[in-house]
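Below is one structure, written out as structure tokens, with a few remarks after it.
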Amino acid sequence: MKNEKLAIINQYKDEWEIGGKTLNSRLLIGSALYPSPANMEDAIKISEAQIVTVSLRRQAAGENTGNHFWDIIKALNIHVLPNTAGCHCAKEAIATAQMAREVFGTNWIKLEVIGDQYNLQPDPFETVKAAEVLIKEGFEVFPYTIDDLVVAKRLADIGCKIIMPWGSMIGSGKGLMNPDNLIAIRKQFPELKLIVDAGIGKPSHATQAMELGYDGVLLNSAIALAQDPVKMANAFRVAIKAGRLGYEAGTMQERTFASPSTPTIGTPFWHQFN
Amino acid sequence: MIKVSVNGEIKELKKDLNIKEMIEALQYKTQGFAVAVNTTFVAVQSYEKTTIKAGDTIDILAPVQGG
């Protein structure tokens, strides 16, 4: 290959589109659980993520001191993806989404409706119900769901352009529990933007999700709870790029048997195994 | 006076306050939040025409960290 062509490959700049925005990073990063606000800010910066998730919680009375967290996020000048974390039914999620649109000034919403307190599994029925209403109200819905093909179908049917199946339980760090389920969703919905959301524990999990052809990865705990969150944010930045490049390059077919990579012709001291 | 729940706490308010007046009376910040009454969002443009009633459940939410 000519050196010029190799140079172009080396300068590879990934560009993709989601929710009407063109991005260069496929990492969607959370803003919770960091040891300090400064650490969060550094981790987000080094990750090069262009989407950060945020939330809404009850405000205490008499707090007239501003909102330091929100000031940091605004200064990062990246896209904000508010979530509906903590909601347990469509009605709560819809109200939270409407409140988030007013506070954060975006029609993006990470729709999260929890169906079980033990494993924090998304409730697919309430998620579909809420998504249908929110889409009609002009929201760009990023639904967090289980890795279930039929649920993905229902969400696509009502107009979701983005679907975010879980890798495994929120905050578990277990990685991709059911890669075959994720592959099925990818194969059935090549036109949708698919993000693996939740359960990622280490960079190799994110790489694996990207190698499956997912468009991006959303994670929080894996970075924020690392020994060194800033270094881990950098690791995820690289891991997600590696996975995407690997997907685009096309991985080799698995073989059942061994196959030598070094040429066998001219092998010295050759002999046949019995 | 009427009793309402604001962010999970029972508060006593004068009768017939609207949302804007309630925010001032309870000394919440005057911006950077959103309000729901009985799990229904109330847009900022509607604060002055929305009267708080006895037994209402009011949520006043502000930005925080999220995953």
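Naming works like this for the structure tokens: A, B, ... for the chains as they're shown, residue 1 at the start of each chain, ligands 1 onward in shown order.
Residues in contact with Leu13 of chain B at up to 12 Å, not including ones fewer than 3 positions away on its chain and judged by only C-alpha atoms, are Met1, Ile2, Lys3, Val4, Ser5, Val6, Ile10, Asp16, Leu17, Asn18, Ile19, Glu21, Met22, Ile23, Glu24, Ala25, Leu26, Thr51, Ile52, Lys53, Ala54, Gly55 and Asp56 of chain B.
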Using only C-alpha atoms, what table do you get, as JSON lines, when you list each residue of chain A with an atom no more than 6 Å from chain B, its nearest pair of atoms, and their distance in Å rounded to one decimal, rows by chain then rising number?
```
{"residue": "A:Gly30", "atom": "CA", "partner": "B:Gly67", "partner_atom": "CA", "distance": 4.2}
{"residue": "A:Ser31", "atom": "CA", "partner": "B:Gln65", "partner_atom": "CA", "distance": 5.0}
{"residue": "A:Ala32", "atom": "CA", "partner": "B:Gln65", "partner_atom": "CA", "distance": 4.7}
{"residue": "A:Thr53", "atom": "CA", "partner": "B:Gly67", "partner_atom": "CA", "distance": 5.5}
{"residue": "A:Val54", "atom": "CA", "partner": "B:Gly66", "partner_atom": "CA", "distance": 4.1}
{"residue": "A:Ser55", "atom": "CA", "partner": "B:Gly66", "partner_atom": "CA", "distance": 4.7}
{"residue": "A:Leu56", "atom": "CA", "partner": "B:Pro63", "partner_atom": "CA", "distance": 4.7}
{"residue": "A:Arg57", "atom": "CA", "partner": "B:Leu61", "partner_atom": "CA", "distance": 4.9}
{"residue": "A:Arg58", "atom": "CA", "partner": "B:Leu61", "partner_atom": "CA", "distance": 4.4}
{"residue": "A:Gln59", "atom": "CA", "partner": "B:Leu61", "partner_atom": "CA", "distance": 5.3}
{"residue": "A:Ala61", "atom": "CA", "partner": "B:Tyr28", "partner_atom": "CA", "distance": 4.8}
{"residue": "A:Gly62", "atom": "CA", "partner": "B:Gln27", "partner_atom": "CA", "distance": 5.0}
{"residue": "A:Asn64", "atom": "CA", "partner": "B:Lys29", "partner_atom": "CA", "distance": 5.4}
{"residue": "A:Ala95", "atom": "CA", "partner": "B:Phe41", "partner_atom": "CA", "distance": 5.2}
{"residue": "A:Met99", "atom": "CA", "partner": "B:Ala34", "partner_atom": "CA", "distance": 5.3}
{"residue": "A:Val103", "atom": "CA", "partner": "B:Phe33", "partner_atom": "CA", "distance": 5.9}
{"residue": "A:Asn220", "atom": "CA", "partner": "B:Gly67", "partner_atom": "CA", "distance": 5.6}
```
Could those residues be written to a file, using N, CA and C atoms, as a PDB file, in the first residue's frame?
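Listing of result31.pdb after writing:
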```pdb
ATOM      1  N   GLY A  30     -21.394   9.293  31.508  1.00  0.00           N
ATOM      2  CA  GLY A  30     -22.216   9.742  32.626  1.00  0.00           C
ATOM      3  C   GLY A  30     -21.470  10.743  33.487  1.00  0.00           C
ATOM      4  N   SER A  31     -22.218  11.482  34.299  1.00  0.00           N
ATOM      5  CA  SER A  31     -21.603  12.537  35.111  1.00  0.00           C
ATOM      6  C   SER A  31     -21.677  12.231  36.609  1.00  0.00           C
ATOM      7  N   ALA A  32     -22.123  11.023  36.970  1.00  0.00           N
ATOM      8  CA  ALA A  32     -22.327  10.705  38.393  1.00  0.00           C
ATOM      9  C   ALA A  32     -21.177   9.883  38.972  1.00  0.00           C
ATOM     10  N   THR A  53     -24.510  12.515  30.113  1.00  0.00           N
ATOM     11  CA  THR A  53     -25.841  12.329  30.710  1.00  0.00           C
ATOM     12  C   THR A  53     -25.934  13.078  32.036  1.00  0.00           C
ATOM     13  N   VAL A  54     -27.130  13.619  32.266  1.00  0.00           N
ATOM     14  CA  VAL A  54     -27.400  14.380  33.489  1.00  0.00           C
ATOM     15  C   VAL A  54     -28.789  13.971  33.989  1.00  0.00           C
ATOM     16  N   SER A  55     -29.187  14.494  35.139  1.00  0.00           N
ATOM     17  CA  SER A  55     -30.483  14.119  35.677  1.00  0.00           C
ATOM     18  C   SER A  55     -31.128  15.284  36.414  1.00  0.00           C
ATOM     19  N   LEU A  56     -32.303  15.028  36.986  1.00  0.00           N
ATOM     20  CA  LEU A  56     -33.031  16.024  37.781  1.00  0.00           C
ATOM     21  C   LEU A  56     -33.362  15.406  39.131  1.00  0.00           C
ATOM     22  N   ARG A  57     -33.179  16.175  40.182  1.00  0.00           N
ATOM     23  CA  ARG A  57     -33.580  15.723  41.510  1.00  0.00           C
ATOM     24  C   ARG A  57     -34.174  16.886  42.285  1.00  0.00           C
ATOM     25  N   ARG A  58     -34.852  16.546  43.380  1.00  0.00           N
ATOM     26  CA  ARG A  58     -35.503  17.577  44.189  1.00  0.00           C
ATOM     27  C   ARG A  58     -34.496  18.606  44.697  1.00  0.00           C
ATOM     28  N   GLN A  59     -34.906  19.840  44.562  1.00  0.00           N
ATOM     29  CA  GLN A  59     -34.062  20.943  44.995  1.00  0.00           C
ATOM     30  C   GLN A  59     -34.387  21.271  46.466  1.00  0.00           C
ATOM     31  N   ALA A  61     -34.930  23.718  49.633  1.00  0.00           N
ATOM     32  CA  ALA A  61     -35.373  25.113  49.794  1.00  0.00           C
ATOM     33  C   ALA A  61     -34.243  25.951  50.384  1.00  0.00           C
ATOM     34  N   GLY A  62     -34.257  27.209  50.053  1.00  0.00           N
ATOM     35  CA  GLY A  62     -33.281  28.131  50.640  1.00  0.00           C
ATOM     36  C   GLY A  62     -31.902  28.046  50.027  1.00  0.00           C
ATOM     37  N   ASN A  64     -29.739  29.240  47.520  1.00  0.00           N
ATOM     38  CA  ASN A  64     -29.626  30.281  46.501  1.00  0.00           C
ATOM     39  C   ASN A  64     -28.187  30.477  46.050  1.00  0.00           C
ATOM     40  N   ALA A  95     -43.476  13.158  32.674  1.00  0.00           N
ATOM     41  CA  ALA A  95     -43.356  14.432  33.410  1.00  0.00           C
ATOM     42  C   ALA A  95     -41.892  14.827  33.570  1.00  0.00           C
ATOM     43  N   MET A  99     -39.987  18.155  32.152  1.00  0.00           N
ATOM     44  CA  MET A  99     -39.248  19.053  33.059  1.00  0.00           C
ATOM     45  C   MET A  99     -37.807  19.214  32.577  1.00  0.00           C
ATOM     46  N   VAL A 103     -35.608  22.597  31.682  1.00  0.00           N
ATOM     47  CA  VAL A 103     -34.400  22.967  32.451  1.00  0.00           C
ATOM     48  C   VAL A 103     -33.147  22.941  31.581  1.00  0.00           C
ATOM     49  N   ASN A 220     -20.967   4.945  32.760  1.00  0.00           N
ATOM     50  CA  ASN A 220     -20.681   5.890  33.834  1.00  0.00           C
ATOM     51  C   ASN A 220     -19.803   5.255  34.915  1.00  0.00           C
TER      52      ASN A 220
END
```
Inset, instruction - Would you please extract all strand (DSSP E or B) residues from chain B, as assigned by DSSP on the backbone, and give them as a ChimeraX atom specification? - result: /B:2-6,9-13,18,34-37,40-42,51,57-65
Legend entry - Picked from segment 105-226 of chain A by DSSP as alpha helix (DSSP H), as a ChimeraX atom specification: /A:124-136,149-157,179-188,203-211,221-224
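Proximity of A:Ser168, A:Arg101, A:Gln121, A:Lys174 to Phe139 of chain A, computed with only C-alpha atoms, is greatest for A:Arg101.
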Inset, instruction - Would you mind telling me which residue in A:Ala156, A:Ala43, A:Ile185, A:Val128 lies nearest to Tyr214 of chain A when using only C-alpha atoms? - result: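 Ranked by minimum distance to Tyr214 of chain A, first place goes to A:Ile185.
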Legend entry - Surrounding residues of Tyr144 of chain A excluding itself and chain neighbours under 4 positions, 7 Å, only C-alpha atoms, as a ChimeraX atom specification: /A:110-112,122,163-166,197
Inset, instruction - Excluding Arg26 of chain A and residues on its chain fewer than 2 positions from it, collect all residues at most 7 Å away from it, counting only C-alpha atoms, and give them as a ChimeraX atom specification. - result: /A:24,28,215-217,240
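For the pair atom CA of Gly171 of chain A and atom CA of Asp228 of chain A, the interatomic distance is 17.0 Å.
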Inset, instruction - Find the residues near Ile46 of chain A: any atom within 10 Å, counting only C-alpha atoms, skip ones fewer than 4 places away on the same chain, and give them as a PyMOL selection string. - result: chain A and resi 41-42+230-237
Could you write out that same residue set with N, CA and C atoms as a short mmCIF file (atom, residue, chain, number, x, y, z; two decimals), in the first residue's frame?
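Produced file selection.cif, reproduced below:
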```cif
data_model
loop_
_atom_site.label_atom_id
_atom_site.label_comp_id
_atom_site.auth_asym_id
_atom_site.auth_seq_id
_atom_site.Cartn_x
_atom_site.Cartn_y
_atom_site.Cartn_z
N GLU A 41 -14.93 16.55 35.65
CA GLU A 41 -14.65 17.46 34.53
C GLU A 41 -13.44 16.96 33.72
N ASP A 42 -12.38 16.57 34.42
CA ASP A 42 -11.18 16.08 33.73
C ASP A 42 -11.47 14.79 32.96
N VAL A 230 -9.77 9.43 35.53
CA VAL A 230 -9.30 10.19 34.36
C VAL A 230 -8.55 9.26 33.41
N LYS A 231 -7.69 8.42 33.98
CA LYS A 231 -6.94 7.47 33.14
C LYS A 231 -7.91 6.48 32.49
N MET A 232 -8.92 6.05 33.25
CA MET A 232 -9.89 5.09 32.70
C MET A 232 -10.72 5.74 31.58
N ALA A 233 -11.01 7.01 31.72
CA ALA A 233 -11.75 7.71 30.66
C ALA A 233 -10.93 7.70 29.37
N ASN A 234 -9.64 7.87 29.52
CA ASN A 234 -8.75 7.83 28.36
C ASN A 234 -8.73 6.41 27.77
N ALA A 235 -8.72 5.42 28.66
CA ALA A 235 -8.73 4.01 28.19
C ALA A 235 -9.98 3.72 27.38
N PHE A 236 -11.12 4.20 27.86
CA PHE A 236 -12.38 3.97 27.13
C PHE A 236 -12.39 4.71 25.79
N ARG A 237 -11.80 5.88 25.78
CA ARG A 237 -11.72 6.65 24.52
C ARG A 237 -11.03 5.80 23.45
#
```
